[in-house]
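This is work-v4.pdb (PDB, C-alpha atoms).
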ATOM      1  CA  MET P   1     144.129 -16.162 -60.990
ATOM      2  CA  ALA P   2     142.007 -13.529 -59.294
ATOM      3  CA  GLY P   3     138.923 -15.728 -59.592
ATOM      4  CA  ILE P   4     140.720 -18.694 -58.053
ATOM      5  CA  ASP P   5     141.987 -16.642 -55.136
ATOM      6  CA  LYS P   6     138.501 -15.281 -54.533
ATOM      7  CA  ALA P   7     136.979 -18.804 -54.550
ATOM      8  CA  LEU P   8     139.588 -20.069 -52.099
ATOM      9  CA  SER P   9     138.968 -17.157 -49.755
ATOM     10  CA  ILE P  10     135.217 -17.892 -49.748
ATOM     11  CA  ILE P  11     135.844 -21.582 -48.940
ATOM     12  CA  ARG P  12     138.080 -20.600 -45.985
ATOM     13  CA  THR P  13     135.313 -18.504 -44.446
ATOM     14  CA  LEU P  14     132.488 -21.031 -44.963
ATOM     15  CA  PRO P  15     131.624 -23.438 -42.111
ATOM     16  CA  ARG P  16     132.233 -27.178 -42.318
ATOM     17  CA  VAL P  17     129.533 -29.366 -43.884
ATOM     18  CA  ALA P  18     127.280 -30.787 -41.180
ATOM     19  CA  LEU P  19     123.771 -32.177 -40.849
ATOM     20  CA  ASN P  20     122.413 -28.859 -39.585
ATOM     21  CA  ASN P  21     123.559 -26.821 -42.606
ATOM     22  CA  ILE P  22     122.738 -29.166 -45.515
ATOM     23  CA  ARG P  23     120.010 -27.864 -47.826
ATOM     24  CA  ASN P  24     118.362 -29.273 -50.946
ATOM     25  CA  LEU P  25     119.018 -27.769 -54.337
ATOM     26  CA  PRO P  26     116.617 -25.065 -55.504
ATOM     27  CA  GLY P  27     113.418 -26.620 -56.801
ATOM     28  CA  ALA P  28     114.057 -30.070 -55.283
ATOM     29  CA  ASP P  29     111.273 -29.650 -52.705
ATOM     30  CA  LYS P  30     108.568 -29.240 -55.318
ATOM     31  CA  LYS P  31     106.446 -32.375 -55.662
ATOM     32  CA  LYS P  32     106.086 -33.648 -59.170
ATOM     33  CA  ARG P  33     102.753 -34.931 -60.311
ATOM     34  CA  ILE P  34     102.961 -38.550 -61.459
ATOM     35  CA  ARG P  35     100.510 -39.463 -64.154
ATOM     36  CA  LEU P  36      99.481 -43.081 -64.292
ATOM     37  CA  GLY P  37      99.593 -44.762 -67.651
ATOM     38  CA  LYS P  38      96.737 -46.710 -69.105
ATOM     39  CA  HIS P  39      98.474 -50.043 -68.440
ATOM     40  CA  HIS P  40      99.471 -49.422 -64.819
ATOM     41  CA  GLY P  41      96.629 -51.075 -62.959
ATOM     42  CA  MET P  42      95.850 -50.860 -59.272
ATOM     43  CA  LYS P  43      95.440 -53.909 -57.110
ATOM     44  CA  CYS P  44      91.834 -54.422 -56.135
ATOM     45  CA  GLY P  45      91.713 -57.929 -54.706
ATOM     46  CA  ARG P  46      92.249 -59.700 -58.027
ATOM     47  CA  GLY P  47      96.023 -59.646 -58.254
ATOM     48  CA  ASP P  48      97.631 -57.282 -60.742
ATOM     49  CA  ALA P  49      94.764 -57.401 -63.219
ATOM     50  CA  GLY P  50      92.826 -54.656 -61.429
ATOM     51  CA  GLN P  51      91.325 -51.353 -62.533
ATOM     52  CA  ASN P  52      93.424 -48.313 -63.303
ATOM     53  CA  HIS P  53      92.917 -44.785 -61.936
ATOM     54  CA  LYS P  54      90.056 -44.199 -64.382
ATOM     55  CA  GLY P  55      88.223 -47.358 -63.347
ATOM     56  CA  ASN P  56      88.984 -49.185 -66.592
ATOM     57  CA  LEU P  57      90.030 -52.808 -66.763
ATOM     58  CA  PRO P  58      93.310 -53.692 -68.542
ATOM     59  CA  TYR P  59      93.364 -54.790 -72.151
ATOM     60  CA  LEU P  60      92.590 -58.388 -73.016
ATOM     61  CA  GLY P  61      95.704 -60.498 -72.507
ATOM     62  CA  HIS P  62      97.337 -58.043 -70.102
ATOM     63  CA  ALA P  63      97.739 -58.399 -66.345
ATOM     64  CA  GLY P  64      97.889 -54.776 -65.274
ATOM     65  CA  GLY P  65     101.236 -53.969 -66.896
ATOM     66  CA  ALA P  66     102.511 -52.940 -70.292
ATOM     67  CA  SER P  67     103.577 -56.499 -71.245
ATOM     68  CA  PRO P  68     101.094 -59.292 -71.966
ATOM     69  CA  PHE P  69     100.997 -62.063 -69.390
ATOM     70  CA  TYR P  70     102.277 -64.665 -71.845
ATOM     71  CA  LEU P  71     105.488 -62.640 -72.204
ATOM     72  CA  LYS P  72     105.937 -62.104 -68.459
ATOM     73  CA  ILE P  73     105.547 -65.770 -67.478
ATOM     74  CA  PRO P  74     108.686 -67.881 -68.202
ATOM     75  CA  LYS P  75     108.344 -70.842 -70.524
ATOM     76  CA  GLU P  76     110.025 -74.227 -70.741
ATOM     77  CA  PRO P  77     111.432 -74.527 -74.283
ATOM     78  CA  TYR P  78     112.530 -78.160 -73.945
ATOM     79  CA  TYR P  79     108.988 -79.412 -74.518
ATOM     80  CA  LYS P  80     108.102 -76.886 -77.187
ATOM     81  CA  GLY P  81     104.813 -77.768 -78.822
ATOM     82  CA  HIS P  82     103.485 -79.457 -75.686
ATOM     83  CA  HIS P  83     103.429 -76.539 -73.233
ATOM     84  CA  LEU P  84      99.955 -75.453 -74.343
ATOM     85  CA  ARG P  85      98.536 -78.868 -73.433
ATOM     86  CA  ARG P  86     100.863 -80.385 -70.818
ATOM     87  CA  GLU P  87     103.519 -78.970 -68.519
ATOM     88  CA  TYR P  88     106.430 -80.753 -66.840
ATOM     89  CA  PRO P  89     107.902 -78.866 -63.850
ATOM     90  CA  PRO P  90     111.700 -79.208 -63.787
ATOM     91  CA  LEU P  91     113.553 -81.467 -61.376
ATOM     92  CA  SER P  92     117.314 -81.067 -61.652
ATOM     93  CA  MET P  93     119.821 -83.857 -61.115
ATOM     94  CA  LEU P  94     121.383 -81.682 -58.428
ATOM     95  CA  GLU P  95     118.115 -81.740 -56.462
ATOM     96  CA  LEU P  96     117.785 -85.480 -57.022
ATOM     97  CA  GLN P  97     121.329 -86.104 -55.761
ATOM     98  CA  ARG P  98     120.621 -83.957 -52.710
ATOM     99  CA  MET P  99     117.476 -85.971 -51.909
ATOM    100  CA  ILE P 100     119.493 -89.185 -52.141
ATOM    101  CA  ASP P 101     122.299 -87.829 -49.938
ATOM    102  CA  LEU P 102     119.785 -86.670 -47.309
ATOM    103  CA  GLY P 103     118.155 -90.109 -47.197
ATOM    104  CA  LEU P 104     114.836 -88.895 -48.597
ATOM    105  CA  ILE P 105     115.125 -91.296 -51.543
ATOM    106  CA  ASP P 106     116.487 -94.838 -51.428
ATOM    107  CA  PRO P 107     118.657 -95.343 -54.557
ATOM    108  CA  ASP P 108     118.428 -99.131 -54.178
ATOM    109  CA  GLU P 109     114.691 -99.036 -54.930
ATOM    110  CA  PRO P 110     112.974 -97.917 -58.162
ATOM    111  CA  ILE P 111     112.201 -94.197 -58.192
ATOM    112  CA  ASP P 112     108.994 -92.894 -59.724
ATOM    113  CA  LEU P 113     106.669 -89.945 -59.407
ATOM    114  CA  SER P 114     105.198 -91.155 -56.098
ATOM    115  CA  VAL P 115     108.639 -91.478 -54.511
ATOM    116  CA  ILE P 116     109.621 -87.954 -55.567
ATOM    117  CA  CYS P 117     106.370 -86.409 -54.303
ATOM    118  CA  ASN P 118     106.698 -88.329 -51.024
ATOM    119  CA  THR P 119     109.872 -86.372 -50.214
ATOM    120  CA  LYS P 120     107.695 -83.227 -49.831
ATOM    121  CA  ARG P 121     110.451 -81.293 -51.638
ATOM    122  CA  LYS P 122     108.716 -81.330 -55.013
ATOM    123  CA  SER P 123     105.021 -81.289 -55.806
ATOM    124  CA  LEU P 124     102.709 -81.381 -58.789
ATOM    125  CA  LYS P 125      99.447 -79.574 -59.432
ATOM    126  CA  PRO P 126      97.298 -81.513 -61.907
ATOM    127  CA  LEU P 127      94.738 -78.695 -62.032
ATOM    128  CA  GLN P 128      97.477 -76.515 -63.543
ATOM    129  CA  ARG P 129      98.123 -79.156 -66.225
ATOM    130  CA  HIS P 130     101.220 -80.613 -64.582
ATOM    131  CA  TYR P 131     101.780 -84.033 -66.113
ATOM    132  CA  GLY P 132     104.931 -85.061 -64.288
ATOM    133  CA  PHE P 133     108.564 -84.069 -63.832
ATOM    134  CA  ASN P 134     111.172 -83.050 -66.358
ATOM    135  CA  LEU P 135     114.559 -84.330 -65.160
ATOM    136  CA  THR P 136     116.998 -81.614 -66.273
ATOM    137  CA  ASP P 137     120.772 -81.947 -66.650
ATOM    138  CA  GLU P 138     121.696 -79.343 -64.016
ATOM    139  CA  GLY P 139     124.204 -81.094 -61.770
ATOM    140  CA  ALA P 140     124.814 -83.951 -64.210
ATOM    141  CA  ASP P 141     128.588 -83.599 -63.746
ATOM    142  CA  ILE P 142     128.381 -84.400 -60.010
ATOM    143  CA  PHE P 143     125.646 -87.026 -60.109
ATOM    144  CA  ASP P 144     127.082 -90.362 -58.948
ATOM    145  CA  ALA P 145     124.084 -92.470 -57.881
ATOM    146  CA  LYS P 146     123.134 -95.728 -59.583
ATOM    147  CA  ILE P 147     119.364 -95.634 -59.843
ATOM    148  CA  ASN P 148     116.357 -96.890 -61.749
ATOM    149  CA  ILE P 149     114.219 -93.811 -62.289
ATOM    150  CA  GLU P 150     110.980 -93.161 -64.129
ATOM    151  CA  VAL P 151     110.238 -89.584 -65.229
ATOM    152  CA  GLN P 152     107.919 -87.941 -67.720
ATOM    153  CA  TRP P 153     110.444 -85.861 -69.674
ATOM    154  CA  THR P 154     114.207 -85.789 -69.996
ATOM    155  CA  ASN P 155     117.058 -85.021 -72.362
ATOM    156  CA  GLU P 156     120.132 -86.698 -73.809
ATOM    157  CA  VAL P 157     122.640 -85.348 -71.282
ATOM    158  CA  THR P 158     120.541 -86.537 -68.353
ATOM    159  CA  ILE P 159     120.178 -90.011 -69.847
ATOM    160  CA  ALA P 160     123.937 -90.233 -70.401
ATOM    161  CA  ALA P 161     124.714 -89.145 -66.828
ATOM    162  CA  ILE P 162     122.460 -91.845 -65.350
ATOM    163  CA  GLU P 163     123.535 -94.679 -67.657
ATOM    164  CA  LYS P 164     127.201 -93.802 -67.153
ATOM    165  CA  ASN P 165     126.809 -94.754 -63.483
ATOM    166  CA  GLY P 166     125.148 -98.052 -64.369
ATOM    167  CA  GLY P 167     121.587 -96.848 -63.861
ATOM    168  CA  THR P 168     118.513 -96.901 -66.064
ATOM    169  CA  ILE P 169     115.897 -94.299 -66.925
ATOM    170  CA  THR P 170     112.430 -94.506 -68.472
ATOM    171  CA  SER P 171     110.187 -91.801 -69.913
ATOM    172  CA  ARG P 172     106.641 -92.583 -68.901
ATOM    173  CA  PHE P 173     103.270 -90.899 -69.490
ATOM    174  CA  PHE P 174     100.483 -90.734 -66.897
ATOM    175  CA  ASP P 175      97.004 -89.396 -67.480
ATOM    176  CA  MET P 176      95.333 -86.945 -65.104
ATOM    177  CA  VAL P 177      93.472 -89.551 -63.007
ATOM    178  CA  ALA P 178      96.593 -91.667 -62.586
ATOM    179  CA  LEU P 179      98.559 -88.589 -61.546
ATOM    180  CA  GLN P 180      96.060 -87.729 -58.816
ATOM    181  CA  ALA P 181      96.478 -91.228 -57.374
ATOM    182  CA  MET P 182     100.275 -91.178 -57.563
ATOM    183  CA  ILE P 183     100.782 -87.738 -56.042
ATOM    184  CA  ASP P 184      99.182 -88.806 -52.739
ATOM    185  CA  PRO P 185      98.554 -92.585 -52.672
ATOM    186  CA  VAL P 186      97.489 -92.596 -49.010
ATOM    187  CA  ALA P 187      94.710 -90.077 -49.613
ATOM    188  CA  TRP P 188      93.594 -92.063 -52.658
ATOM    189  CA  PHE P 189      93.505 -95.382 -50.761
ATOM    190  CA  LYS P 190      91.627 -93.849 -47.805
ATOM    191  CA  LYS P 191      88.756 -92.966 -50.141
ATOM    192  CA  GLY P 192      88.368 -96.639 -51.040
ATOM    193  CA  ARG P 193      88.981 -96.037 -54.732
ATOM    194  CA  PRO P 194      90.422 -98.779 -56.915
ATOM    195  CA  ILE P 195      93.812 -98.207 -58.487
ATOM    196  CA  PRO P 196      93.095 -96.630 -61.884
ATOM    197  CA  ARG P 197      94.238 -98.071 -65.162
ATOM    198  CA  CYS P 198      96.671 -95.739 -66.870
ATOM    199  CA  LYS P 199      95.674 -94.556 -70.333
ATOM    200  CA  LEU P 200      97.975 -94.472 -73.302
ATOM    201  CA  PRO P 201      99.544 -91.127 -74.252
ATOM    202  CA  PRO P 202      97.618 -88.804 -76.571
ATOM    203  CA  GLN P 203      98.310 -88.811 -80.270
ATOM    204  CA  ASP P 204     100.771 -85.913 -80.231
ATOM    205  CA  ALA P 205     102.905 -87.616 -77.548
ATOM    206  CA  VAL P 206     102.959 -91.192 -78.851
ATOM    207  CA  ALA P 207     106.083 -90.584 -80.960
ATOM    208  CA  HIS P 208     108.009 -89.248 -77.949
ATOM    209  CA  TYR P 209     107.195 -92.150 -75.647
ATOM    210  CA  SER P 210     107.744 -94.721 -78.408
ATOM    211  CA  ASP P 211     111.229 -93.443 -79.254
ATOM    212  CA  ALA P 212     114.139 -95.480 -77.872
ATOM    213  CA  LYS P 213     116.292 -92.339 -77.970
ATOM    214  CA  ASN P 214     114.082 -90.843 -75.244
ATOM    215  CA  ARG P 215     113.966 -94.187 -73.391
ATOM    216  CA  GLY P 216     110.224 -94.249 -73.889
ATOM    217  CA  TYR P 217     108.283 -96.936 -72.095
ATOM    218  CA  LEU P 218     106.572 -97.952 -75.340
ATOM    219  CA  ALA P 219     109.858 -98.381 -77.242
ATOM    220  CA  ASP P 220     111.339-101.715 -78.322
ATOM    221  CA  PRO P 221     113.755-103.026 -75.628
ATOM    222  CA  ASP P 222     116.232-104.151 -78.309
ATOM    223  CA  GLU P 223     116.324-100.639 -79.749
ATOM    224  CA  ILE P 224     116.888 -99.205 -76.284
ATOM    225  CA  ARG P 225     119.932-101.450 -75.810
ATOM    226  CA  GLU P 226     121.354-100.225 -79.121
ATOM    227  CA  LYS P 227     120.715 -96.589 -78.196
ATOM    228  CA  ARG P 228     122.501 -97.106 -74.870
ATOM    229  CA  ILE P 229     125.638 -98.222 -76.691
ATOM    230  CA  THR P 230     125.362 -95.390 -79.238
ATOM    231  CA  LEU P 231     124.996 -92.782 -76.498
ATOM    232  CA  ALA P 232     128.037 -94.146 -74.625
ATOM    233  CA  GLN P 233     130.130 -93.888 -77.776
ATOM    234  CA  LYS P 234     128.915 -90.351 -78.409
ATOM    235  CA  TYR P 235     129.859 -89.072 -74.934
ATOM    236  CA  GLY P 236     132.974 -91.227 -74.588
ATOM    237  CA  TYR P 237     132.282 -93.353 -71.523
ATOM    238  CA  ILE P 238     132.328 -97.102 -70.955
ATOM    239  CA  LEU P 239     128.818 -98.454 -70.561
ATOM    240  CA  PRO P 240     128.643-100.676 -67.438
ATOM    241  CA  ASP P 241     127.377-104.213 -67.910
ATOM    242  CA  ILE P 242     124.291-104.158 -65.702
ATOM    243  CA  SER P 243     123.534-107.839 -66.487
ATOM    244  CA  LYS P 244     126.229-108.776 -63.955
ATOM    245  CA  ASP P 245     125.144-106.216 -61.386
ATOM    246  CA  PRO P 246     123.682-107.588 -58.098
ATOM    247  CA  MET P 247     120.872-105.016 -58.497
ATOM    248  CA  PHE P 248     120.047-106.171 -62.022
ATOM    249  CA  ASP P 249     116.450-107.156 -61.181
ATOM    250  CA  LYS P 250     115.678-103.788 -59.609
ATOM    251  CA  LEU P 251     117.507-101.815 -62.287
ATOM    252  CA  MET P 252     115.487-103.493 -65.017
ATOM    253  CA  LEU P 253     112.152-103.420 -63.176
ATOM    254  CA  ARG P 254     109.482-101.854 -65.380
ATOM    255  CA  LYS P 255     105.766-101.260 -65.045
ATOM    256  CA  ASP P 256     103.118-102.498 -67.403
ATOM    257  CA  PRO P 257     101.800 -99.656 -69.620
ATOM    258  CA  ARG P 258      98.513 -99.844 -67.684
ATOM    259  CA  GLN P 259     100.174-100.032 -64.246
ATOM    260  CA  ILE P 260     100.928 -96.959 -62.109
ATOM    261  CA  PHE P 261     102.293 -98.473 -58.844
ATOM    262  CA  TYR P 262     105.078-101.034 -58.501
ATOM    263  CA  GLY P 263     103.650-104.326 -57.256
ATOM    264  CA  LEU P 264     100.015-103.218 -57.494
ATOM    265  CA  ALA P 265      97.739-103.935 -60.448
ATOM    266  CA  PRO P 266      94.944-101.715 -61.756
ATOM    267  CA  GLY P 267      91.568-102.427 -60.176
ATOM    268  CA  TRP P 268      92.920-103.464 -56.795
ATOM    269  CA  VAL P 269      91.626-101.690 -53.682
ATOM    270  CA  VAL P 270      94.111-101.125 -50.859
ATOM    271  CA  ASN P 271      92.560-101.278 -47.391
ATOM    272  CA  LEU P 272      94.973 -99.384 -45.143
ATOM    273  CA  LYS P 273      92.981 -99.996 -41.956
ATOM    274  CA  ASP P 274      92.924-103.790 -42.232
ATOM    275  CA  ARG P 275      96.189-103.914 -44.227
ATOM    276  CA  LYS P 276      94.571-105.934 -46.980
ATOM    277  CA  ILE P 277      94.328-105.782 -50.753
ATOM    278  CA  LEU P 278      90.981-106.462 -52.380
ATOM    279  CA  LYS P 279      91.157-107.820 -55.911
ATOM    280  CA  PRO P 280      88.212-107.716 -58.334
ATOM    281  CA  LYS P 281      86.580-111.034 -59.252
ATOM    282  CA  ASP P 282      83.745-109.853 -61.449
ATOM    283  CA  PRO P 283      84.433-110.792 -65.103
ATOM    284  CA  GLU P 284      83.422-107.347 -66.367
ATOM    285  CA  PHE P 285      85.791-105.584 -63.985
ATOM    286  CA  MET P 286      88.634-107.974 -64.784
ATOM    287  CA  GLU P 287      88.070-107.498 -68.501
ATOM    288  CA  TYR P 288      88.078-103.713 -68.148
ATOM    289  CA  TYR P 289      91.279-103.486 -66.081
ATOM    290  CA  ASN P 290      93.153-106.150 -68.063
ATOM    291  CA  SER P 291      92.114-105.140 -71.571
TER     292      SER P 291
END
Would you mind giving the structure from this file in structure tokens?
Amino acid sequence: MAGIDKALSIIRTLPRVALNNIRNLPGADKKKRIRLGKHHGMKCGRGDAGQNHKGNLPYLGHAGGASPFYLKIPKEPYYKGHHLRREYPPLSMLELQRMIDLGLIDPDEPIDLSVICNTKRKSLKPLQRHYGFNLTDEGADIFDAKINIEVQWTNEVTIAAIEKNGGTITSRFFDMVALQAMIDPVAWFKKGRPIPRCKLPPQDAVAHYSDAKNRGYLADPDEIREKRITLAQKYGYILPDISKDPMFDKLMLRKDPRQIFYGLAPGWVVNLKDRKILKPKDPEFMEYYNS
């Protein structure tokens, strides 16, 4: 009890805590020397993969930190096995619904890669091996548009959400040259280049785009109709009869495997200045673009 009384008496005599009487703890003012590790690089105009304090470059596969770059960069697991060759930046159904609600996309017209890029909300970089969009199922529960859309990658939930509303979806491959024309058609036409002929998918992607389950553009139409019914039974919704829909022609509009633009054939040259379309007449050109 004597110690408690002594402590209370000291507290009564001490002044109130204020900014002018606050002091650091003993030893807190001493500066500690920080030693840089061998992986902590310094920026030197080349991003994070610079030299460290000893002038040494980081280890092979590292980007200036302790973790290799392939562990720091996020991956897209839904196209596992393809990400080393081709990448498909995600486009969620929530973003697609927002574009439709804002009037950036007309749901009454077919939607493809050119339409999505024309909104200026999403873009592709072919030099970074972007081969199109992956339509993800984020926002599938609120998606209510009836559309005919063409994407490069998708999943089962996304397909069900679109077909439940009476729409159609197609998985379509485009090669690098075709992608460059579709991303910015106006720039392509201004250069006077003919519309390229789209190549078939590479060997490791043929199975994906030929599978009716993925709604591949190379799949049998009869198998696609069967898969539509099977998917509706799996998710428990009534599949609308699009054959009686007033938009049936636009909902079922598909491109030829060699075609990249709706209404325009490969080999044609679009003259924007004179508003004319030049079609090839040479037999060799016609044989090349129609073979």
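Among the candidates P:Phe173, P:Met252, P:Asn21, P:Thr168, the residue lying nearest to P:Ala205 is P:Phe173 (atoms considered: all atoms listed in the file).
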Matched chain/residue IDs from the PyMOL selection byres ((chain P and resi 106-116) around 6), as a PyMOL selection string: chain P and resi 105+117-119+147-150+182-183
Coordinates of box centre and edge lengths for stretch 110-124 of chain P, 4 Å on every side, axis-aligned, as lines of an AutoDock Vina configuration file:
center_x = 107.8
center_y = -89.6
center_z = -54.8
size_x = 18.3
size_y = 24.6
size_z = 17.9
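Ranking P:Gln152, P:Gln259, P:Thr136, P:Thr158 by their shortest atom-to-atom distance to P:Thr170, with all atoms listed in the file included, puts P:Gln152 first.
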Interatomic distance (Å, one decimal) between atom CA of P:Ile238 and atom CA of P:Gly139: 20.2 Å
Generate the coordinates of N, CA, C and O atoms for stretch 259-281 of chain P; report them as a tab-separated table (two decimals), in the coordinates of the input.
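Below is the file that was written, rebuild32.tsv:
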chain	number	residue	atom	x	y	z
P	259	GLN	N	99.90	-100.03	-65.67
P	259	GLN	CA	100.17	-100.03	-64.25
P	259	GLN	C	100.76	-98.69	-63.82
P	259	GLN	O	101.56	-98.08	-64.54
P	260	ILE	N	100.40	-98.23	-62.61
P	260	ILE	CA	100.93	-96.96	-62.11
P	260	ILE	C	101.75	-97.15	-60.84
P	260	ILE	O	102.62	-96.31	-60.55
P	261	PHE	N	101.52	-98.21	-60.05
P	261	PHE	CA	102.29	-98.47	-58.84
P	261	PHE	C	103.08	-99.77	-59.03
P	261	PHE	O	102.57	-100.73	-59.62
P	262	TYR	N	104.30	-99.80	-58.50
P	262	TYR	CA	105.08	-101.03	-58.50
P	262	TYR	C	104.41	-102.05	-57.57
P	262	TYR	O	104.10	-101.76	-56.43
P	263	GLY	N	104.20	-103.24	-58.07
P	263	GLY	CA	103.65	-104.33	-57.26
P	263	GLY	C	102.15	-104.31	-57.08
P	263	GLY	O	101.60	-105.21	-56.43
P	264	LEU	N	101.46	-103.32	-57.62
P	264	LEU	CA	100.02	-103.22	-57.49
P	264	LEU	C	99.41	-103.12	-58.89
P	264	LEU	O	99.88	-102.34	-59.72
P	265	ALA	N	98.37	-103.90	-59.13
P	265	ALA	CA	97.74	-103.94	-60.45
P	265	ALA	C	96.53	-103.01	-60.49
P	265	ALA	O	95.93	-102.71	-59.44
P	266	PRO	N	96.16	-102.54	-61.65
P	266	PRO	CA	94.94	-101.72	-61.76
P	266	PRO	C	93.70	-102.49	-61.32
P	266	PRO	O	93.56	-103.69	-61.58
P	267	GLY	N	92.79	-101.80	-60.65
P	267	GLY	CA	91.57	-102.43	-60.18
P	267	GLY	C	91.62	-102.89	-58.74
P	267	GLY	O	90.57	-103.15	-58.14
P	268	TRP	N	92.81	-103.03	-58.18
P	268	TRP	CA	92.92	-103.46	-56.80
P	268	TRP	C	92.54	-102.32	-55.86
P	268	TRP	O	92.76	-101.14	-56.16
P	269	VAL	N	91.99	-102.67	-54.72
P	269	VAL	CA	91.63	-101.69	-53.68
P	269	VAL	C	92.49	-101.97	-52.46
P	269	VAL	O	92.48	-103.08	-51.93
P	270	VAL	N	93.22	-100.98	-52.01
P	270	VAL	CA	94.11	-101.12	-50.86
P	270	VAL	C	93.38	-100.66	-49.61
P	270	VAL	O	92.97	-99.50	-49.51
P	271	ASN	N	93.21	-101.57	-48.67
P	271	ASN	CA	92.56	-101.28	-47.39
P	271	ASN	C	93.65	-101.01	-46.36
P	271	ASN	O	94.28	-101.93	-45.84
P	272	LEU	N	93.90	-99.74	-46.07
P	272	LEU	CA	94.97	-99.38	-45.14
P	272	LEU	C	94.64	-99.76	-43.71
P	272	LEU	O	95.53	-100.09	-42.93
P	273	LYS	N	93.37	-99.71	-43.33
P	273	LYS	CA	92.98	-100.00	-41.96
P	273	LYS	C	93.21	-101.46	-41.61
P	273	LYS	O	93.80	-101.79	-40.57
P	274	ASP	N	92.77	-102.35	-42.47
P	274	ASP	CA	92.92	-103.79	-42.23
P	274	ASP	C	94.19	-104.35	-42.86
P	274	ASP	O	94.45	-105.56	-42.74
P	275	ARG	N	94.96	-103.49	-43.56
P	275	ARG	CA	96.19	-103.91	-44.23
P	275	ARG	C	95.92	-105.10	-45.18
P	275	ARG	O	96.59	-106.13	-45.13
P	276	LYS	N	94.94	-104.89	-46.02
P	276	LYS	CA	94.57	-105.93	-46.98
P	276	LYS	C	94.43	-105.32	-48.37
P	276	LYS	O	94.25	-104.11	-48.52
P	277	ILE	N	94.52	-106.18	-49.37
P	277	ILE	CA	94.33	-105.78	-50.75
P	277	ILE	C	93.15	-106.56	-51.31
P	277	ILE	O	93.13	-107.79	-51.26
P	278	LEU	N	92.18	-105.85	-51.81
P	278	LEU	CA	90.98	-106.46	-52.38
P	278	LEU	C	91.12	-106.48	-53.90
P	278	LEU	O	91.33	-105.44	-54.53
P	279	LYS	N	91.00	-107.66	-54.47
P	279	LYS	CA	91.16	-107.82	-55.91
P	279	LYS	C	89.80	-108.10	-56.55
P	279	LYS	O	88.97	-108.84	-55.99
P	280	PRO	N	89.52	-107.50	-57.69
P	280	PRO	CA	88.21	-107.72	-58.33
P	280	PRO	C	88.08	-109.15	-58.87
P	280	PRO	O	89.05	-109.74	-59.36
P	281	LYS	N	86.87	-109.70	-58.75
P	281	LYS	CA	86.58	-111.03	-59.25
P	281	LYS	C	85.50	-111.04	-60.32
P	281	LYS	O	85.31	-112.04	-61.01
